[in-house]
Amino acid sequence: MVTHSHEVPIRLFQVRPELAAELLVKSLGAAFPAYASALPESEALTNNDPLELNCDNAAVFRDEAGVPVFAVIIEIQRGQDNRKHYSWPMYVTILRARLKCPVRLLAVCTDAATADWARRAIEIGPPGFTLLPDVINPEDLLETAEDQSAKEAVEILILKAACGGPQAEQVAHKLGRRLNELPESDRQQYAGWAMQLLSDEAYNVLEEYMSMTYQEYLESPAGKLELKGEQRGKRLGQIGGLLKVLDARGIEVSASALARIEGVSDEEELDRWFIRAVTVDRVEEIFD
């Protein structure tokens with residue numbers, strides 16, 4: 001049965017095939033060859049037999065001359081289906097024969113049980129002829145970071161939304177903030193996909209964000225609270241880094257010095273103290 005939670009993730013890969021490579025490398029640590037472009041490939045994997053085969057999505061990665069160097073078949077898997085143990089190997093071998101390059105199969109699973117099933121080795125027959133699908137489950141989807149581009153973060157968050165679960169409203173809050181960083185055309189497109197996946201409560205959260213510009217959000221009570229939390233987290237990270245440097249250099253930090261370090265709120269001041277901590281002989285010297 002075709003559902004939004006199945007079709008929307010597929011659209012992410014169709015619009016930006018590079019997402020398949022990023023998930024393989026960043027979430028699974030897979031090796032990936034250098035490529036100059038990434039283009040969607042036809043999902044129709046039918047050969048000359050009357051049997052019709054269609055994967056969910058396929059992406060081909062080409063070098064500067066346009067020659068395929070790698071391809072990824074993407075399957076959005078929402079449950080166990082043992083028929084895939086027969087169709088998945090055919091997808092890989094048919095596309096490999098068509099493109100004359102290595103092919104991997106990436107199964108994006110929406111729950112842990114399905115992911116465990118998808119990871120099973122598929123024995124084709126001849127010794128050593130085994131398909132080991134690459135598998136992404138909700139836990140493999142990396143947490144979005146502030147230094148990540150808005151588009152990359154939104155794509156990961158939409159995949160999280162497709163997985164459902166109790167964190168839907170939290171995902172909707174993050175989605176709303178990052179969506180408002182996108183150009184209007186992208187913002188509307190991605191928001192439309194996301195809203196097809198969310199529960200009523202999460203949908204209402206996202207809809208409220210979509211009614212505001214990013215600047216309006218930052219000026220709202222929720223935006224100010226989030227910004228304050230981000231600033232506090234950054235300050236604590238700076239303090240922790242400074243104390244680690246002093247400890248590594250064997251410099252004793254007195255109670256009064258520790259209180260002064262932990263009490264500072266000026267990020268630039270912390271940066272200056274960190275630089276001085278590399279060369280001083282006593283902790284008091286970082287304050288000069």
# chains A, B, ... in the order shown; residues from 1 in each chain; ligands from 1
>>> closest_atom_pairs(of="range 9-91 of chain A", to="range 161-185 of chain A", cutoff="12 Å", atoms="only C-alpha atoms", output="Markdown table")
| residue | atom | partner | partner_atom | distance |
| --- | --- | --- | --- | --- |
| A:Pro9 | CA | A:Ala162 | CA | 7.2 |
| A:Ile10 | CA | A:Ala162 | CA | 10.7 |
| A:Leu12 | CA | A:Ala162 | CA | 11.5 |
| A:Ile76 | CA | A:Ala162 | CA | 9.9 |
| A:Gln77 | CA | A:Cys163 | CA | 10.2 |
| A:Arg78 | CA | A:Cys163 | CA | 8.5 |
| A:Gly79 | CA | A:Cys163 | CA | 11.4 |
>>> residues_around(residues="Thr279 in chain A", least_positions_apart="6", cutoff="12 Å", atoms="only C-alpha atoms", output="number ranges by chain")
A: 245-246, 249-251, 272-273, 285-286
>>> closest_atom_pairs(of="range 52-144 of chain A", to="range 156-159 of chain A", cutoff="9 Å", atoms="only C-alpha atoms", output="JSON lines")
{"residue": "A:Val108", "atom": "CA", "partner": "A:Leu159", "partner_atom": "CA", "distance": 8.8}
{"residue": "A:Thr110", "atom": "CA", "partner": "A:Leu159", "partner_atom": "CA", "distance": 8.6}
{"residue": "A:Pro138", "atom": "CA", "partner": "A:Leu159", "partner_atom": "CA", "distance": 8.3}
{"residue": "A:Leu141", "atom": "CA", "partner": "A:Ile156", "partner_atom": "CA", "distance": 6.8}
{"residue": "A:Leu142", "atom": "CA", "partner": "A:Ile156", "partner_atom": "CA", "distance": 7.7}
{"residue": "A:Glu143", "atom": "CA", "partner": "A:Ile156", "partner_atom": "CA", "distance": 8.2}
{"residue": "A:Thr144", "atom": "CA", "partner": "A:Ile156", "partner_atom": "CA", "distance": 7.3}
>>> closest_atom_pairs(of="range 132-212 of chain A", to="range 95-107 of chain A", cutoff="9 Å", atoms="only C-alpha atoms", output="tab-separated table")
residue	atom	partner	partner_atom	distance
A:Leu132	CA	A:Leu105	CA	8.2
A:Pro133	CA	A:Leu105	CA	5.3
A:Asp134	CA	A:Leu106	CA	4.7
A:Val135	CA	A:Ala107	CA	4.8
A:Ile136	CA	A:Ala107	CA	6.2
A:Asn137	CA	A:Ala107	CA	8.5
>>> atom_distance(atom1="CA of Gln238 in chain A", atom2="CA of Asp271 in chain A")
7.6 Å
>>> closest_residue(among="A:Tyr86, A:Tyr209, A:Trp193, A:Trp117", to="Glu7 in chain A", atoms="only C-alpha atoms")
A:Trp193
>>> select_by_dssp(residues="range 43-283 of chain A", states="helix (DSSP H, G or I)", output="PyMOL selection string")
chain A and resi 84-99+112-118+138-140+150-163+168-179+184-195+200-210+214-219+221-248+255-263+267-277+283
>>> residues_around(residues="Glu252 in chain A", least_positions_apart="3", cutoff="8 Å", atoms="only C-alpha atoms", output="ChimeraX atom specification")
/A:246-247,282-283
>>> write_last_selection(atoms="N, CA and C atoms", output="PDB file, in the first residue's frame")
ATOM      1  N   LEU A 246      44.150  23.311  30.944  1.00  0.00           N
ATOM      2  CA  LEU A 246      44.885  23.571  32.187  1.00  0.00           C
ATOM      3  C   LEU A 246      45.254  22.263  32.881  1.00  0.00           C
ATOM      4  N   ASP A 247      44.322  21.317  32.897  1.00  0.00           N
ATOM      5  CA  ASP A 247      44.588  20.029  33.549  1.00  0.00           C
ATOM      6  C   ASP A 247      45.676  19.260  32.806  1.00  0.00           C
ATOM      7  N   ARG A 282      50.801  29.729  35.683  1.00  0.00           N
ATOM      8  CA  ARG A 282      49.839  29.724  36.778  1.00  0.00           C
ATOM      9  C   ARG A 282      48.467  30.134  36.234  1.00  0.00           C
ATOM     10  N   VAL A 283      47.422  29.577  36.821  1.00  0.00           N
ATOM     11  CA  VAL A 283      46.078  29.842  36.333  1.00  0.00           C
ATOM     12  C   VAL A 283      45.736  31.325  36.381  1.00  0.00           C
TER      13      VAL A 283
END
>>> atom_distance(atom1="CA of Ala58 in chain A", atom2="CA of Phe13 in chain A")
8.2 Å
>>> residues_around(residues="Pro17 in chain A", least_positions_apart="2", cutoff="7 Å", atoms="only C-alpha atoms", output="PyMOL selection string")
chain A and resi 13-15+19-20+38-40+59
>>> closest_residue(among="A:Asp81, A:Glu41, A:Glu123, A:Glu268", to="Asp56 in chain A", atoms="only C-alpha atoms")
A:Glu41
